[in-house]
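Structure file model-v1.cif with mmCIF, C-alpha atoms (C1' of nucleotides):
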```cif
data_coords
#
loop_
_atom_site.label_atom_id
_atom_site.label_comp_id
_atom_site.auth_asym_id
_atom_site.auth_seq_id
_atom_site.Cartn_x
_atom_site.Cartn_y
_atom_site.Cartn_z
CA MET T 1 1.72 -28.66 3.14
CA SER T 2 1.32 -31.21 5.91
CA ASP T 3 5.01 -30.60 6.67
CA LEU T 4 4.05 -26.98 7.28
CA LEU T 5 1.37 -28.01 9.75
CA GLN T 6 3.87 -30.44 11.25
CA ARG T 7 6.46 -27.68 11.73
CA LEU T 8 3.88 -25.40 13.25
CA ARG T 9 2.71 -28.03 15.68
CA GLU T 10 6.30 -28.57 16.77
CA ARG T 11 6.54 -24.90 17.55
CA GLY T 12 3.58 -25.13 19.87
CA TRP T 13 0.94 -23.90 17.44
CA ARG T 14 -2.56 -24.86 18.43
CA LEU T 15 -4.04 -26.56 15.41
CA THR T 16 -7.51 -25.16 14.70
CA ALA T 17 -9.77 -25.71 11.72
CA GLN T 18 -9.30 -22.05 10.73
CA ARG T 19 -5.53 -22.23 10.70
CA ARG T 20 -5.58 -25.47 8.77
CA VAL T 21 -7.83 -23.93 6.12
CA VAL T 22 -5.64 -20.85 5.74
CA ALA T 23 -2.58 -23.07 5.36
CA GLU T 24 -4.38 -25.16 2.73
CA VAL T 25 -5.47 -22.13 0.75
CA LEU T 26 -1.86 -20.96 0.55
CA ALA T 27 -0.39 -24.23 -0.71
CA GLY T 28 1.37 -24.16 -4.07
CA ASP T 29 3.92 -22.36 -6.21
CA HIS T 30 3.56 -18.88 -7.66
CA ILE T 31 0.74 -18.21 -5.20
CA HIS T 32 0.49 -14.54 -4.21
CA LEU T 33 -2.91 -13.90 -2.68
CA THR T 34 -4.12 -10.83 -0.85
CA ALA T 35 -5.58 -11.22 2.63
CA ASP T 36 -9.08 -10.78 1.25
CA GLU T 37 -8.49 -13.40 -1.43
CA VAL T 38 -7.28 -15.79 1.24
CA HIS T 39 -10.38 -14.99 3.24
CA ALA T 40 -12.66 -15.57 0.25
CA ARG T 41 -11.12 -18.97 -0.51
CA ALA T 42 -11.07 -19.96 3.13
CA THR T 43 -14.76 -19.08 3.41
CA GLU T 44 -15.56 -21.63 0.71
CA ARG T 45 -14.29 -24.37 2.98
CA LEU T 46 -15.18 -22.91 6.34
CA PRO T 47 -18.01 -20.40 5.94
CA GLU T 48 -17.82 -18.94 9.43
CA ILE T 49 -14.14 -17.98 9.39
CA SER T 50 -13.66 -14.30 10.17
CA ARG T 51 -11.50 -11.71 8.52
CA ALA T 52 -9.70 -11.01 11.79
CA THR T 53 -8.63 -14.64 12.08
CA VAL T 54 -7.28 -14.63 8.54
CA TYR T 55 -5.24 -11.51 9.30
CA ASN T 56 -4.05 -12.99 12.60
CA THR T 57 -3.02 -16.26 11.00
CA LEU T 58 -1.24 -14.60 8.10
CA GLY T 59 0.61 -12.34 10.52
CA GLU T 60 1.71 -15.29 12.61
CA LEU T 61 2.89 -17.25 9.60
CA VAL T 62 4.92 -14.22 8.55
CA SER T 63 6.57 -13.93 11.99
CA LEU T 64 7.36 -17.62 11.91
CA GLY T 65 9.07 -17.17 8.56
CA GLU T 66 6.67 -19.49 6.75
CA LEU T 67 5.14 -16.71 4.66
CA LEU T 68 6.52 -13.66 2.90
CA GLU T 69 4.78 -10.32 2.63
CA VAL T 70 5.00 -8.83 -0.86
CA SER T 71 3.87 -5.31 -1.66
CA THR T 72 4.54 -4.99 -5.34
CA ASP T 73 1.66 -2.83 -6.40
CA HIS T 74 0.59 0.06 -4.27
CA ARG T 75 -2.52 -1.68 -3.07
CA ALA T 76 -3.12 -4.70 -0.86
CA THR T 77 -0.25 -6.71 0.58
CA ARG T 78 0.15 -10.16 -0.95
CA TYR T 79 1.37 -13.30 0.78
CA ASP T 80 3.92 -15.65 -0.72
CA PRO T 81 4.07 -19.18 0.72
CA ASN T 82 7.42 -19.87 -0.92
CA ALA T 83 9.28 -18.19 1.95
CA ARG T 84 11.73 -21.00 2.64
CA ARG T 85 13.37 -20.79 -0.79
CA PRO T 86 14.95 -17.40 -1.46
CA HIS T 87 13.61 -15.84 -4.64
CA HIS T 88 12.53 -12.59 -6.25
CA HIS T 89 9.50 -11.46 -8.22
CA LEU T 90 8.47 -10.73 -11.79
CA LEU T 91 5.35 -8.62 -12.01
CA CYS T 92 3.00 -7.85 -14.90
CA ASP T 93 2.34 -4.12 -14.92
CA ARG T 94 -0.98 -4.61 -16.64
CA CYS T 95 -2.76 -7.46 -14.84
CA GLY T 96 -0.62 -7.72 -11.70
CA THR T 97 0.26 -11.39 -12.11
CA ILE T 98 3.38 -12.34 -10.16
CA ARG T 99 5.91 -15.08 -10.85
CA ASP T 100 8.70 -16.22 -8.56
CA VAL T 101 12.08 -15.86 -10.29
CA HIS T 102 15.71 -16.67 -9.53
CA PRO T 103 18.15 -14.14 -11.04
CA THR T 104 21.83 -14.97 -11.29
CA GLY T 105 24.45 -13.21 -9.18
CA ASP T 106 24.20 -11.66 -5.75
CA ALA T 107 22.41 -8.33 -5.58
CA LEU T 108 23.60 -7.77 -2.01
CA SER T 109 27.25 -7.60 -2.97
CA ALA T 110 26.40 -5.19 -5.79
CA LEU T 111 26.01 -2.41 -3.22
CA PRO T 112 29.49 -0.99 -2.54
CA GLU T 113 30.50 0.14 0.93
CA SER T 114 30.47 3.76 -0.19
CA GLU T 115 26.78 3.45 -1.06
CA ARG T 116 25.73 1.97 2.29
CA PHE T 117 25.71 5.22 4.26
CA GLY T 118 26.65 3.41 7.46
CA TYR T 119 23.64 1.08 7.28
CA THR T 120 23.96 -2.55 8.34
CA VAL T 121 22.50 -4.11 5.22
CA SER T 122 20.75 -7.42 5.79
CA GLY T 123 18.73 -8.16 2.69
CA VAL T 124 17.62 -7.11 -0.74
CA GLU T 125 14.42 -7.49 -2.74
CA LEU T 126 14.29 -7.43 -6.53
CA THR T 127 11.10 -6.78 -8.42
CA TYR T 128 11.20 -7.12 -12.19
CA ARG T 129 8.42 -5.36 -14.06
CA GLY T 130 7.08 -6.05 -17.50
CA ILE T 131 4.14 -7.37 -19.50
CA CYS T 132 3.10 -11.00 -19.26
CA PRO T 133 2.51 -13.05 -22.43
CA ASN T 134 -1.25 -13.03 -21.81
CA CYS T 135 -1.48 -9.25 -21.70
CA ALA T 136 0.94 -8.82 -24.61
CA ALA T 137 -1.31 -10.89 -26.88
CA MET S 138 12.98 22.93 -9.86
CA SER S 139 12.02 25.73 -12.21
CA ASP S 140 13.06 23.40 -15.05
CA LEU S 141 10.41 21.01 -13.78
CA LEU S 142 7.77 23.73 -13.94
CA GLN S 143 9.15 24.68 -17.35
CA ARG S 144 8.82 21.11 -18.62
CA LEU S 145 5.31 20.87 -17.27
CA ARG S 146 4.25 24.10 -18.90
CA GLU S 147 5.59 22.83 -22.21
CA ARG S 148 3.40 19.78 -21.85
CA GLY S 149 0.34 21.94 -21.50
CA TRP S 150 0.09 21.94 -17.73
CA ARG S 151 -1.95 24.77 -16.33
CA LEU S 152 0.29 26.38 -13.75
CA THR S 153 -1.64 26.93 -10.54
CA ALA S 154 -0.42 28.03 -7.13
CA GLN S 155 -1.26 24.59 -5.75
CA ARG S 156 0.81 22.72 -8.31
CA ARG S 157 3.70 25.09 -7.87
CA VAL S 158 3.69 24.53 -4.11
CA VAL S 159 3.59 20.74 -4.46
CA ALA S 160 6.52 20.88 -6.87
CA GLU S 161 8.46 23.10 -4.45
CA VAL S 162 7.84 20.80 -1.51
CA LEU S 163 9.27 17.88 -3.46
CA ALA S 164 12.52 19.57 -4.48
CA GLY S 165 15.74 17.96 -3.27
CA ASP S 166 17.71 14.72 -2.99
CA HIS S 167 16.83 11.77 -0.78
CA ILE S 168 13.31 13.17 -0.43
CA HIS S 169 10.70 10.44 0.05
CA LEU S 170 7.56 11.99 1.44
CA THR S 171 4.15 10.42 1.86
CA ALA S 172 1.15 12.15 0.32
CA ASP S 173 0.10 13.39 3.75
CA GLU S 174 3.55 14.78 4.45
CA VAL S 175 3.46 16.60 1.15
CA HIS S 176 0.05 17.94 2.08
CA ALA S 177 1.27 19.08 5.51
CA ARG S 178 4.25 20.95 4.04
CA ALA S 179 2.18 22.40 1.24
CA THR S 180 -0.35 23.67 3.77
CA GLU S 181 2.38 25.72 5.44
CA ARG S 182 2.77 27.74 2.27
CA LEU S 183 -0.77 27.60 0.96
CA PRO S 184 -3.18 26.95 3.86
CA GLU S 185 -6.25 26.27 1.75
CA ILE S 186 -4.76 23.51 -0.42
CA SER S 187 -6.83 20.34 -0.24
CA ARG S 188 -5.80 16.73 0.14
CA ALA S 189 -7.52 15.80 -3.13
CA THR S 190 -5.42 18.30 -5.05
CA VAL S 191 -2.23 16.95 -3.54
CA TYR S 192 -3.22 13.43 -4.56
CA ASN S 193 -4.21 14.62 -8.03
CA THR S 194 -0.97 16.49 -8.55
CA LEU S 195 1.19 13.65 -7.28
CA GLY S 196 -0.66 11.24 -9.56
CA GLU S 197 -0.14 13.49 -12.55
CA LEU S 198 3.55 13.94 -11.83
CA VAL S 199 3.89 10.16 -11.63
CA SER S 200 2.17 9.67 -15.01
CA LEU S 201 4.43 12.30 -16.52
CA GLY S 202 7.46 10.42 -15.25
CA GLU S 203 8.61 13.29 -13.05
CA LEU S 204 7.95 11.44 -9.82
CA LEU S 205 8.43 7.84 -8.67
CA GLU S 206 6.07 5.94 -6.40
CA VAL S 207 7.90 3.94 -3.74
CA SER S 208 6.07 1.49 -1.51
CA THR S 209 8.82 0.12 0.66
CA ASP S 210 6.97 -0.48 3.88
CA HIS S 211 3.47 -1.84 3.83
CA ARG S 212 1.97 1.51 4.74
CA ALA S 213 1.70 4.79 2.86
CA THR S 214 3.15 5.22 -0.62
CA ARG S 215 6.11 7.60 -0.77
CA TYR S 216 7.06 9.87 -3.64
CA ASP S 217 10.57 10.21 -4.96
CA PRO S 218 11.35 13.33 -7.02
CA ASN S 219 14.60 11.85 -8.29
CA ALA S 220 12.78 10.00 -11.09
CA ARG S 221 14.94 11.21 -13.95
CA ARG S 222 18.09 9.59 -12.55
CA PRO S 223 17.84 5.80 -12.31
CA HIS S 224 18.54 4.60 -8.79
CA HIS S 225 17.46 2.14 -6.13
CA HIS S 226 16.64 2.34 -2.44
CA LEU S 227 18.17 1.49 0.90
CA LEU S 228 15.62 1.31 3.68
CA CYS S 229 15.95 1.25 7.46
CA ASP S 230 13.71 -1.52 8.80
CA ARG S 231 13.38 0.22 12.13
CA CYS S 232 12.67 3.89 11.40
CA GLY S 233 11.79 3.69 7.71
CA THR S 234 14.40 6.19 6.52
CA ILE S 235 15.18 5.80 2.82
CA ARG S 236 18.37 6.63 0.91
CA ASP S 237 18.84 6.61 -2.81
CA VAL S 238 21.62 4.22 -3.81
CA HIS S 239 23.44 3.18 -6.98
CA PRO S 240 24.50 -0.48 -6.96
CA THR S 241 27.05 -1.74 -9.47
CA GLY S 242 26.12 -4.07 -12.30
CA ASP S 243 22.88 -4.45 -14.17
CA ALA S 244 20.13 -6.24 -12.33
CA LEU S 245 18.05 -6.50 -15.51
CA SER S 246 20.56 -8.72 -17.28
CA ALA S 247 20.77 -10.94 -14.19
CA LEU S 248 17.40 -12.44 -15.10
CA PRO S 249 18.06 -15.21 -17.64
CA GLU S 250 15.68 -15.85 -20.51
CA SER S 251 14.56 -19.11 -18.92
CA GLU S 252 13.35 -17.19 -15.89
CA ARG S 253 11.31 -14.64 -17.83
CA PHE S 254 8.28 -16.87 -18.49
CA GLY S 255 7.55 -15.07 -21.75
CA TYR S 256 7.27 -11.66 -20.09
CA THR S 257 8.58 -8.56 -21.82
CA VAL S 258 10.73 -7.28 -18.98
CA SER S 259 11.10 -3.52 -18.92
CA GLY S 260 12.51 -2.61 -15.54
CA VAL S 261 13.69 -3.72 -12.16
CA GLU S 262 13.52 -2.26 -8.67
CA LEU S 263 16.00 -3.10 -5.93
CA THR S 264 15.25 -2.43 -2.30
CA TYR S 265 18.05 -3.01 0.18
CA ARG S 266 16.98 -3.45 3.79
CA GLY S 267 18.95 -2.92 6.95
CA ILE S 268 19.42 -0.76 10.01
CA CYS S 269 20.55 2.84 9.70
CA PRO S 270 23.44 4.18 11.82
CA ASN S 271 21.03 6.21 13.94
CA CYS S 272 18.92 3.23 14.90
CA ALA S 273 21.95 0.99 15.40
CA ALA S 274 23.34 3.39 18.04
"C1'" DG A 275 -7.52 44.67 -20.11
"C1'" DC A 276 -11.73 41.79 -20.10
"C1'" DC A 277 -14.37 37.50 -21.36
"C1'" DT A 278 -14.93 32.89 -21.86
"C1'" DT A 279 -14.27 28.35 -21.11
"C1'" DG A 280 -12.56 24.18 -19.89
"C1'" DA A 281 -9.36 22.65 -16.75
"C1'" DC A 282 -8.44 22.87 -11.77
"C1'" DT A 283 -9.63 22.93 -6.83
"C1'" DT A 284 -12.42 22.09 -2.88
"C1'" DA A 285 -14.86 19.73 1.01
"C1'" DG A 286 -16.54 15.97 2.35
"C1'" DA A 287 -18.59 11.50 1.57
"C1'" DC A 288 -17.08 7.09 0.63
"C1'" DC A 289 -14.21 2.87 -0.18
"C1'" DT A 290 -10.50 -0.46 0.89
"C1'" DT A 291 -7.20 -2.35 3.71
"C1'" DG A 292 -5.97 -3.42 8.04
"C1'" DT A 293 -6.17 -3.27 13.45
"C1'" DC A 294 -8.29 -3.71 17.94
"C1'" DC A 295 -11.29 -5.35 21.53
"C1'" DA A 296 -14.57 -7.73 24.61
"C1'" DA A 297 -17.17 -11.70 24.54
"C1'" DT A 298 -17.34 -16.45 23.31
"C1'" DG A 299 -15.50 -20.94 21.86
"C1'" DT A 300 -12.28 -24.81 21.87
"C1'" DA A 301 -7.57 -27.70 21.55
"C1'" DG A 302 -4.96 -30.27 24.15
"C1'" DG A 303 -2.98 -31.47 28.77
"C1'" DC A 304 -4.43 -33.70 32.77
"C1'" DG E 305 -14.53 -35.43 30.57
"C1'" DC E 306 -12.77 -30.91 32.65
"C1'" DC E 307 -10.12 -26.97 32.74
"C1'" DT E 308 -7.68 -23.23 31.12
"C1'" DA E 309 -5.03 -20.65 28.26
"C1'" DC E 310 -5.11 -19.67 23.77
"C1'" DA E 311 -7.91 -18.87 19.51
"C1'" DT E 312 -11.92 -16.96 17.15
"C1'" DT E 313 -15.63 -13.80 16.27
"C1'" DG E 314 -18.07 -9.61 14.75
"C1'" DG E 315 -18.16 -5.18 14.80
"C1'" DA E 316 -16.17 -0.76 15.70
"C1'" DC E 317 -12.39 1.90 14.42
"C1'" DA E 318 -8.30 4.05 11.85
"C1'" DA E 319 -5.34 5.20 7.94
"C1'" DG E 320 -4.66 5.79 3.24
"C1'" DG E 321 -6.68 6.84 -0.81
"C1'" DT E 322 -10.61 7.85 -4.44
"C1'" DC E 323 -14.65 10.16 -6.21
"C1'" DT E 324 -18.05 13.75 -7.04
"C1'" DA E 325 -20.66 17.96 -7.55
"C1'" DA E 326 -20.15 22.63 -7.22
"C1'" DG E 327 -17.38 26.56 -7.34
"C1'" DT E 328 -12.95 28.94 -9.04
"C1'" DC E 329 -9.48 30.57 -12.05
"C1'" DA E 330 -5.38 30.36 -15.76
"C1'" DA E 331 -4.63 31.49 -20.11
"C1'" DG E 332 -5.92 32.24 -24.95
"C1'" DG E 333 -8.82 35.28 -27.99
"C1'" DC E 334 -10.66 39.51 -28.64
#
```
Represent the structure contained in this file as structure tokens.
Amino acid sequence: MSDLLQRLRERGWRLTAQRRVVAEVLAGDHIHLTADEVHARATERLPEISRATVYNTLGELVSLGELLEVSTDHRATRYDPNARRPHHHLLCDRCGTIRDVHPTGDALSALPESERFGYTVSGVELTYRGICPNCAA
Amino acid sequence: MSDLLQRLRERGWRLTAQRRVVAEVLAGDHIHLTADEVHARATERLPEISRATVYNTLGELVSLGELLEVSTDHRATRYDPNARRPHHHLLCDRCGTIRDVHPTGDALSALPESERFGYTVSGVELTYRGICPNCAA
DNA sequence: GCCTTGACTTAGACCTTGTCCAATGTAGGC
DNA sequence: GCCTACATTGGACAAGGTCTAAGTCAAGGC
């Protein structure tokens, strides 16, 4: 995580307590929090942090490529700190839990030229859906 | 389209003018309207139709498996009437236009057992992203 | 064809998620 | 330690979506 802060500082980020706390909250694997969840956890460490700052910081981290926006359900956007390692998602349809997964093969090349309709295709997202072991029990 | 209405009637759907109009608005290929767009087009044919009814009807059609929810951008949910034919989506990052596409191969089998974390995997969604020919010009 | 009834529709209040802005605070260069 | 540009704040605002109470009507039974 400190490497994240390091990278950000190198890019001219001003290091404030608020930004540090948001970065800390997002540390870890298989973390996919909504903005409000990030705000709630950040508030535990820094009670006066505002919602607007959380949204600003998340947005900046996304532009910098440090964070990935994930909109798997049809509700709040979630943020995935594992942006530097390409991966896809496995989602529980019942409880909404998300895991990062690494399928084999290359989904991009599975789209033939005839199915590209003249688009310049730059990326692909896979979302697997199912029921997690917890919910199945 | 009348087969859709037929199927719905067989399932005990009460056939109202409002539901008929929503079904009509959604007829066609590569149709991916938001709820408000559906409402706007429905209003042209049936001025007194309410937003709540459009939402209700769309929700029911989704539960019945006649309609697919697509949340490609991080804004309004779109509805895809092509639910009975499995397909995926190609999305223009600039203007948001969506095309239905059919990649080769089977994305489901690309997820090895070791990457399933005990989930019962039932489906997969692919979303290709790029720039459409219109926006590229 | 008319009645009845429960399902359907309506308008509008309300909720959640997210954005914007003017005023205030502060990190970091000097 | 001061200065200034950048960051933060709280609250208003907007879009998308849900809920509810009251009124309406499709369709089955007569």
Could you tell me which residues the PyMOL selection byres ((chain T) within 12 of (chain E)) returns for this structure, as a PyMOL selection string?
chain T and resi 12-19+48-57+74-76
What would the selection look like, as an mmCIF file with C-alpha atoms (C1' of nucleotides), in the coordinates of the input, if the PyMOL selection byres ((chain A) within 9 of (chain T)) were run on the coordinates I just shared?
```cif
data_model
loop_
_atom_site.group_PDB
_atom_site.id
_atom_site.type_symbol
_atom_site.label_atom_id
_atom_site.label_comp_id
_atom_site.auth_asym_id
_atom_site.auth_seq_id
_atom_site.Cartn_x
_atom_site.Cartn_y
_atom_site.Cartn_z
ATOM 1 C "C1'" DT A 290 -10.500 -0.460 0.890
ATOM 2 C "C1'" DT A 291 -7.200 -2.350 3.710
ATOM 3 C "C1'" DG A 292 -5.970 -3.420 8.040
ATOM 4 C "C1'" DT A 293 -6.170 -3.270 13.450
ATOM 5 C "C1'" DT A 300 -12.280 -24.810 21.870
ATOM 6 C "C1'" DA A 301 -7.570 -27.700 21.550
ATOM 7 C "C1'" DG A 302 -4.960 -30.270 24.150
#
```
Pick out the chain S residues within 10 Å of chain T. Count all atoms listed in the file. Give them as JSON, numbers by chain.
{"S": [206, 207, 208, 209, 210, 211, 212, 213, 214, 215, 226, 227, 228, 229, 230, 236, 237, 238, 239, 240, 241, 242, 243, 244, 245, 246, 247, 248, 249, 250, 251, 252, 253, 254, 255, 256, 257, 258, 259, 260, 261, 262, 263, 264, 265, 266, 267, 268, 269, 270, 271, 272, 273]}
I'd like the interatomic distance between atom CA of T:Pro81 and atom CA of T:Thr97, to a tenth of an Å.
15.5 Å
Rounded to one decimal in Å, what is the spacing between atom CA of T:Leu46 and atom CA of T:Leu58?
16.3 Å
Listed atoms of stretch 122-135 of chain T boxed along x, y and z, 3 Å each side, centre and edge lengths in Å, one decimal, as lines of an AutoDock Vina configuration file:
```
center_x = 9.6
center_y = -9.2
center_z = -8.3
size_x = 28.2
size_y = 13.7
size_z = 34.2
```
